[in-house]
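Shown below: input30.csv, with CSV, C-alpha atoms.
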```
chain,number,residue,atom,x,y,z
Z,1,LEU,CA,11.9,-2.8,-0.2
Z,2,LEU,CA,13.6,-5.2,2.2
Z,3,LEU,CA,16.9,-3.3,1.8
Z,4,ILE,CA,15.0,0.0,2.4
Z,5,ASN,CA,13.3,-1.6,5.4
Z,6,LEU,CA,16.6,-2.6,6.9
Z,7,SER,CA,18.2,0.8,6.2
Z,8,ALA,CA,15.3,2.6,7.8
Z,9,GLY,CA,15.2,0.3,10.8
Z,10,LEU,CA,18.9,0.6,11.6
Z,11,LEU,CA,18.7,4.3,11.3
Z,12,MET,CA,15.6,4.6,13.5
Z,13,SER,CA,17.2,2.3,16.1
Z,14,ALA,CA,20.2,4.5,16.3
Z,15,LEU,CA,18.2,7.7,16.5
Z,16,GLY,CA,15.4,6.6,18.9
Z,17,ASP,CA,15.0,4.7,22.2
Z,18,MET,CA,13.8,1.4,20.7
Z,19,ASP,CA,15.3,-2.0,20.0
Z,20,LEU,CA,16.2,-3.1,16.5
Z,21,PHE,CA,13.4,-5.5,16.0
Z,22,THR,CA,10.8,-2.9,17.0
Z,23,ALA,CA,12.4,-0.4,14.6
Z,24,LEU,CA,12.5,-3.0,11.7
Z,25,LEU,CA,8.8,-3.9,12.2
Z,26,GLY,CA,7.9,-0.2,12.6
Z,27,SER,CA,9.4,0.5,9.2
Z,28,ALA,CA,8.1,-2.6,7.4
Z,29,PRO,CA,6.0,-1.7,4.3
Z,30,GLY,CA,3.0,-3.8,5.3
Z,31,GLY,CA,-0.4,-3.3,6.7
Z,32,VAL,CA,-1.0,-0.6,9.4
Z,33,SER,CA,-3.4,-2.9,11.2
Z,34,ASP,CA,-1.6,-6.2,10.7
Z,35,ILE,CA,2.1,-5.3,11.5
Z,36,PRO,CA,1.3,-4.0,15.1
Z,37,LEU,CA,-0.5,-7.3,15.8
Z,38,VAL,CA,2.5,-9.3,14.5
Z,39,ALA,CA,4.7,-7.1,16.7
Z,40,ALA,CA,2.7,-7.9,19.8
Z,41,ASP,CA,2.9,-11.6,19.0
Z,42,MET,CA,6.6,-11.6,18.4
Z,43,GLY,CA,7.6,-9.6,21.5
Z,44,ALA,CA,8.3,-6.1,19.9
Z,45,ASP,CA,6.8,-2.9,21.2
Z,46,ALA,CA,3.4,-2.8,19.5
Z,47,ALA,CA,2.7,0.8,20.6
Z,48,GLN,CA,5.8,2.1,18.9
Z,49,VAL,CA,5.2,0.0,15.9
Z,50,LEU,CA,1.7,1.3,15.5
Z,51,VAL,CA,2.8,4.9,15.7
Z,52,LEU,CA,5.5,4.4,13.1
Z,53,GLN,CA,3.2,2.4,10.8
Z,54,LEU,CA,0.7,5.3,11.0
Z,55,VAL,CA,3.4,7.7,10.0
Z,56,ARG,CA,4.3,5.5,7.0
Z,57,TYR,CA,0.7,5.0,6.0
Z,58,LEU,CA,-0.3,8.7,6.3
Z,59,MET,CA,2.8,9.6,4.3
Z,60,GLY,CA,1.8,7.2,1.6
Z,61,ILE,CA,-1.8,8.3,1.2
Z,62,GLY,CA,-1.3,12.0,2.0
Z,63,LEU,CA,2.1,13.3,1.0
Z,64,PHE,CA,3.2,11.1,-1.8
Z,65,PRO,CA,0.1,11.3,-4.0
Z,66,LEU,CA,0.2,15.1,-3.7
Z,67,LEU,CA,3.8,15.3,-4.7
Z,68,ILE,CA,3.3,12.8,-7.6
Z,69,ALA,CA,0.4,14.9,-8.9
Z,70,ARG,CA,2.4,18.1,-8.7
Z,71,LEU,CA,5.8,16.9,-9.9
Z,72,SER,CA,4.8,14.2,-12.4
Z,73,PRO,CA,2.3,15.4,-15.0
Z,74,PRO,CA,0.2,12.7,-16.8
Z,75,MET,CA,1.4,11.4,-20.2
Z,76,GLU,CA,-0.8,12.3,-23.1
Z,77,GLU,CA,-1.6,9.4,-25.5
Z,78,ALA,CA,-2.1,10.0,-29.2
Z,79,PRO,CA,-5.8,10.0,-30.1
Z,80,ASP,CA,-5.4,7.2,-32.7
Z,81,GLN,CA,-3.2,5.1,-30.4
Z,82,PRO,CA,-5.0,2.1,-28.9
Z,83,ALA,CA,-5.1,1.6,-25.2
Z,84,PRO,CA,-2.5,-0.9,-23.9
Z,85,GLU,CA,-3.9,-4.2,-22.9
Z,86,HIS,CA,-2.9,-3.8,-19.3
Z,87,ARG,CA,-5.0,-0.6,-18.9
Z,88,VAL,CA,-8.6,-0.9,-17.7
Z,89,THR,CA,-11.0,0.6,-20.2
Z,90,LYS,CA,-13.6,2.8,-18.7
Z,91,THR,CA,-17.0,1.1,-19.0
Z,92,THR,CA,-20.4,2.3,-18.1
Z,93,SER,CA,-21.1,1.0,-14.6
Z,94,ASP,CA,-24.6,-0.1,-13.5
Z,95,TRP,CA,-25.7,-0.7,-10.0
Z,96,PRO,CA,-26.7,-4.4,-10.3
Z,97,ALA,CA,-23.3,-5.2,-11.7
Z,98,ALA,CA,-21.7,-3.2,-8.9
Z,99,LEU,CA,-23.8,-5.1,-6.3
Z,100,VAL,CA,-22.6,-8.4,-7.7
Z,101,ALA,CA,-19.0,-7.2,-7.6
Z,102,LEU,CA,-19.4,-6.1,-3.9
Z,103,LEU,CA,-21.0,-9.4,-3.0
Z,104,ALA,CA,-18.2,-11.4,-4.7
Z,105,ALA,CA,-15.6,-9.3,-2.8
Z,106,ALA,CA,-17.4,-9.8,0.5
Z,107,GLY,CA,-17.7,-13.6,0.0
Z,108,PHE,CA,-14.0,-14.0,-0.9
Z,109,GLY,CA,-13.0,-11.6,1.9
Z,110,TRP,CA,-14.9,-13.8,4.3
Z,111,LEU,CA,-13.0,-16.9,3.0
Z,112,GLY,CA,-9.8,-15.0,3.5
Z,113,LYS,CA,-10.7,-14.3,7.1
Z,114,LEU,CA,-11.5,-17.9,7.7
Z,115,SER,CA,-8.1,-18.9,6.2
Z,116,GLY,CA,-6.3,-17.2,9.1
Z,117,MET,CA,-3.7,-15.7,6.7
Z,118,PRO,CA,-2.6,-12.2,7.8
Z,119,GLY,CA,-4.2,-9.7,5.4
Z,120,GLY,CA,-6.2,-12.6,4.0
Z,121,SER,CA,-9.5,-10.7,3.8
Z,122,MET,CA,-8.2,-8.1,1.5
Z,123,ALA,CA,-6.0,-10.5,-0.5
Z,124,PHE,CA,-8.9,-12.9,-1.2
Z,125,ALA,CA,-11.3,-10.1,-1.9
Z,126,THR,CA,-8.9,-8.6,-4.4
Z,127,ALA,CA,-8.3,-12.0,-6.1
Z,128,GLY,CA,-12.0,-12.8,-6.2
Z,129,SER,CA,-12.9,-9.4,-7.7
Z,130,ALA,CA,-10.2,-9.8,-10.3
Z,131,VAL,CA,-11.4,-13.2,-11.3
Z,132,LEU,CA,-15.0,-11.8,-11.6
Z,133,LYS,CA,-13.8,-8.9,-13.7
Z,134,LEU,CA,-11.9,-11.2,-16.1
Z,135,SER,CA,-14.8,-13.6,-16.5
Z,136,TRP,CA,-17.5,-10.9,-16.5
Z,137,PRO,CA,-16.2,-7.5,-17.9
Z,138,ARG,CA,-19.4,-5.8,-17.0
Z,139,ALA,CA,-18.5,-6.0,-13.3
Z,140,SER,CA,-17.2,-2.6,-12.1
Z,141,LEU,CA,-17.8,0.0,-9.4
Z,142,PRO,CA,-19.1,3.5,-10.0
Z,143,GLY,CA,-17.2,6.6,-8.8
Z,144,PRO,CA,-19.3,7.2,-5.7
Z,145,ILE,CA,-18.5,3.8,-4.3
Z,146,ARG,CA,-14.7,4.6,-4.6
Z,147,GLN,CA,-15.2,7.8,-2.7
Z,148,THR,CA,-17.3,6.0,0.0
Z,149,ALA,CA,-14.5,3.4,0.3
Z,150,GLN,CA,-12.0,6.2,0.8
Z,151,CYS,CA,-14.1,7.7,3.6
Z,152,PHE,CA,-14.5,4.4,5.4
Z,153,SER,CA,-10.7,3.7,5.1
Z,154,GLY,CA,-9.9,7.1,6.5
Z,155,ALA,CA,-12.4,6.7,9.3
Z,156,TYR,CA,-11.0,3.2,10.2
Z,157,VAL,CA,-7.4,4.5,10.5
Z,158,GLY,CA,-8.3,7.8,12.1
Z,159,ALA,CA,-10.4,6.1,14.8
Z,160,GLY,CA,-7.2,4.3,15.9
Z,161,ILE,CA,-5.3,7.6,16.6
Z,162,GLY,CA,-5.8,8.8,20.1
Z,163,MET,CA,-4.0,11.1,22.5
Z,164,ALA,CA,-1.7,8.3,23.5
Z,165,GLU,CA,-0.5,7.8,19.9
Z,166,LEU,CA,0.1,11.6,19.6
Z,167,VAL,CA,2.1,11.7,22.8
Z,168,ARG,CA,4.2,8.8,21.6
Z,169,LEU,CA,4.8,10.5,18.3
Z,170,GLN,CA,6.6,13.3,20.0
Z,171,ALA,CA,9.1,10.9,21.4
Z,172,LEU,CA,9.5,9.3,18.0
Z,173,ALA,CA,10.0,12.4,16.0
Z,174,LEU,CA,13.5,11.7,14.8
Z,175,PRO,CA,12.8,8.0,13.9
Z,176,ALA,CA,9.6,9.0,12.1
Z,177,LEU,CA,11.5,11.6,10.1
Z,178,ALA,CA,14.1,9.1,9.2
Z,179,LEU,CA,11.4,6.7,8.1
Z,180,VAL,CA,9.8,9.3,5.8
Z,181,VAL,CA,13.2,10.2,4.3
Z,182,CYS,CA,14.2,6.6,3.7
Z,183,TYR,CA,10.9,5.6,2.0
Z,184,ALA,CA,10.8,8.8,-0.1
Z,185,LEU,CA,14.3,8.1,-1.4
Z,186,GLY,CA,13.3,4.4,-1.8
Z,187,ALA,CA,10.2,5.3,-3.8
Z,188,VAL,CA,12.3,7.4,-6.2
Z,189,LEU,CA,14.9,4.6,-6.6
Z,190,ILE,CA,12.3,1.9,-7.2
Z,191,SER,CA,10.3,4.1,-9.6
Z,192,THR,CA,13.5,4.9,-11.6
Z,193,LEU,CA,14.2,1.2,-12.0
Z,194,LEU,CA,10.6,0.5,-13.1
Z,195,VAL,CA,10.9,3.3,-15.7
Z,196,ARG,CA,14.2,2.2,-17.0
Z,197,GLN,CA,12.9,-1.3,-17.5
Z,198,GLY,CA,10.0,0.1,-19.4
Z,199,THR,CA,7.5,-1.3,-17.0
Z,200,PHE,CA,5.7,1.9,-16.2
Z,201,PRO,CA,5.7,5.6,-17.1
Z,202,ARG,CA,7.0,7.9,-14.4
Z,203,ARG,CA,3.7,8.7,-12.7
Z,204,GLU,CA,2.5,5.1,-12.6
Z,205,ALA,CA,6.0,4.0,-11.4
Z,206,LEU,CA,5.9,6.4,-8.5
Z,207,LEU,CA,2.5,5.2,-7.4
Z,208,ALA,CA,3.6,1.6,-7.7
Z,209,ALA,CA,6.6,2.3,-5.5
Z,210,THR,CA,4.6,4.2,-2.8
Z,211,PRO,CA,4.5,2.1,0.4
Z,212,ALA,CA,0.9,2.7,1.4
Z,213,GLY,CA,-2.2,0.5,1.6
Z,214,ALA,CA,-2.9,-1.5,-1.6
Z,215,SER,CA,-6.6,-0.6,-1.7
Z,216,ASP,CA,-5.8,3.0,-0.9
Z,217,MET,CA,-3.3,3.3,-3.7
Z,218,ALA,CA,-5.8,1.8,-6.2
Z,219,LEU,CA,-8.4,4.4,-5.2
Z,220,ILE,CA,-5.8,7.2,-5.4
Z,221,ALA,CA,-4.6,6.0,-8.8
Z,222,ALA,CA,-8.2,6.1,-10.1
Z,223,ASP,CA,-8.6,9.6,-8.8
Z,224,LEU,CA,-5.4,10.6,-10.7
Z,225,GLY,CA,-6.9,9.1,-13.9
Z,226,ILE,CA,-4.6,6.0,-13.8
Z,227,HIS,CA,-6.3,2.7,-14.6
Z,228,ASP,CA,-3.4,0.2,-14.8
Z,229,VAL,CA,-4.1,-3.3,-13.5
Z,230,ARG,CA,-0.4,-4.0,-13.0
Z,231,LEU,CA,-0.1,-1.2,-10.4
Z,232,VAL,CA,-2.8,-2.7,-8.3
Z,233,LEU,CA,-1.3,-6.2,-8.6
Z,234,LEU,CA,2.1,-5.0,-7.5
Z,235,GLN,CA,0.6,-3.3,-4.5
Z,236,VAL,CA,-1.3,-6.4,-3.5
Z,237,MET,CA,1.8,-8.6,-4.0
Z,238,ARG,CA,3.8,-6.3,-1.8
Z,239,MET,CA,1.2,-6.4,1.0
Z,240,ILE,CA,1.0,-10.2,0.9
Z,241,VAL,CA,4.8,-10.8,0.8
Z,242,VAL,CA,5.5,-8.3,3.5
Z,243,ILE,CA,2.9,-9.6,5.9
Z,244,THR,CA,3.7,-13.2,5.4
Z,245,LEU,CA,7.5,-13.2,5.0
Z,246,PHE,CA,9.0,-10.0,6.4
Z,247,PRO,CA,8.3,-10.6,10.1
Z,248,THR,CA,10.2,-13.8,10.2
Z,249,LEU,CA,13.1,-12.4,8.1
Z,250,LEU,CA,13.3,-9.3,10.2
Z,251,PHE,CA,13.3,-11.3,13.4
Z,252,MET,CA,16.2,-13.4,12.1
Z,253,LEU,CA,18.1,-10.3,10.9
Z,254,ALA,CA,17.5,-8.5,14.1
Z,255,GLY,CA,19.0,-11.4,16.1
Z,256,TRP,CA,22.0,-11.6,13.7
Z,257,LEU,CA,22.7,-7.9,13.6
Z,258,GLY,CA,22.1,-7.6,17.4
```

Structure rendered as structure tokens:
Amino acid sequence: LLLINLSAGLLMSALGDMDLFTALLGSAPGGVSDIPLVAADMGADAAQVLVLQLVRYLMGIGLFPLLIARLSPPMEEAPDQPAPEHRVTKTTSDWPAALVALLAAAGFGWLGKLSGMPGGSMAFATAGSAVLKLSWPRASLPGPIRQTAQCFSGAYVGAGIGMAELVRLQALALPALALVVCYALGAVLISTLLVRQGTFPRREALLAATPAGASDMALIAADLGIHDVRLVLLQVMRMIVVITLFPTLLFMLAGWLG
């Protein structure tokens, strides 16, 4: 992902009117709300970074899952074949258990916010929910809660898109197109490596390699009938590493390449 980030940033800087560091942060596969804040703190153009991050995010939750569903049919498992250990077995959810899971996620998310770590709220909430699920298998969320979470996620991102962002998008058309192409090719490359190593089947590998929000990819995977804990863990690890390490690395590389 770092190599793809560098390739996309260099190409976008050459095609658009932006400095290299802004292009690198705009193509970073991190959080759509966190990376623009980091850009403002580190002297990059936060407005351009926000628009490019929105393009990457919308591509990840809109275009990629549609293509994956159309081009990569789900694998059928034999009826007598036991489910792999890393797959989440479907359990009957009940609302008291769901309430406990939500309260645990809220509590850990609050601790993550107090920690001051970028993206800490989601990282802590995810870790806390995972610990609760491992210690209490009954904890799970019914389907309507997943759909409600998707609605809130879409509303949160959509409320940040105004006329100013749409006007800026016209000036960033070529860099945005380069961003989509780079990450589309990158997702194919990463998923191919995951399949060849036997880590995932093709469909799960493509979802794991999609650079969108970790929580959104977990919800989309569930909608596609995929219940693989490793896919969610990879997405969360990507988000944490990108938010905490990439800005500093990209700042150093931009100065060196510049």

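Of the residues under consideration (Z:Leu66, Z:Met42, Z:Met163, Z:Ala101), Z:Leu66 shows the shortest atom-to-atom contact distance to Asp223 of chain Z when counting all atoms listed in the file.
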
Just the number, please: distance in Å from atom CA of Ala171 of chain Z to atom CA of Gly62 of chain Z, one decimal.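 Value for the atom CA of Ala171 of chain Z-atom CA of Gly62 of chain Z distance: 22.0 Å.
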
Kindly indicate which residue among Z:Arg230, Z:Leu250, Z:Leu2, Z:Leu54 lies nearest to Ala23 of chain Z, using all atoms listed in the file for the distances.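 Comparing Z:Arg230, Z:Leu250, Z:Leu2, Z:Leu54 against Ala23 of chain Z, the winner is Z:Leu250.
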
Mind checking which residues fall within 9 Å of Ala8 of chain Z, counting all atoms listed in the file, ignoring those fewer than 2 positions away in the same chain, and posting them as a list in words?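 Once the nearby chain positions are removed, what remains is Leu3, Ile4, Asn5, Leu6, Leu10, Leu11, Met12, Ser13, Ala23, Leu24, Ser27, Ala28, Pro175, Ala178, Leu179, Val180, Val181, Cys182 and Tyr183 of chain Z.
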
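Minimum atom-to-atom distance to Lys133 of chain Z, evaluated using all atoms listed in the file, belongs to Z:Ala98 out of Z:Ala98, Z:Met237, Z:Leu257, Z:Val167.
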
With only C-alpha atoms as the basis for distance, which of Z:Leu20, Z:Gly198, Z:Leu231, Z:Phe152 is at the shortest distance from Ser7 of chain Z?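 Nearest to Ser7 of chain Z: Z:Leu20.
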
So which one's closest to Ile190 of chain Z, Z:Leu207, Z:Val131, Z:Ala176, Z:Leu102? Using only C-alpha atoms, please.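 Ranked by minimum distance to Ile190 of chain Z, first place goes to Z:Leu207.
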
What separates atom CA of Leu25 of chain Z and atom CA of Met239 of chain Z is a distance of 13.8 Å

Compare Z:Cys151, Z:Val51, Z:Val38, Z:Val241 by their minimum atom-to-atom distance to Ala164 of chain Z, counting all atoms listed in the file, and give me the closest one. Z:Val51

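Straight-line separation from atom CA of Leu111 of chain Z to atom CA of Ala127 of chain Z: 11.4 Å.
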
Ref. answer, residues at most 8 Å from (1.7, 5.7, 1.0) with all atoms listed in the file, as a ChimeraX atom specification: /Z:56-65,210-213,217
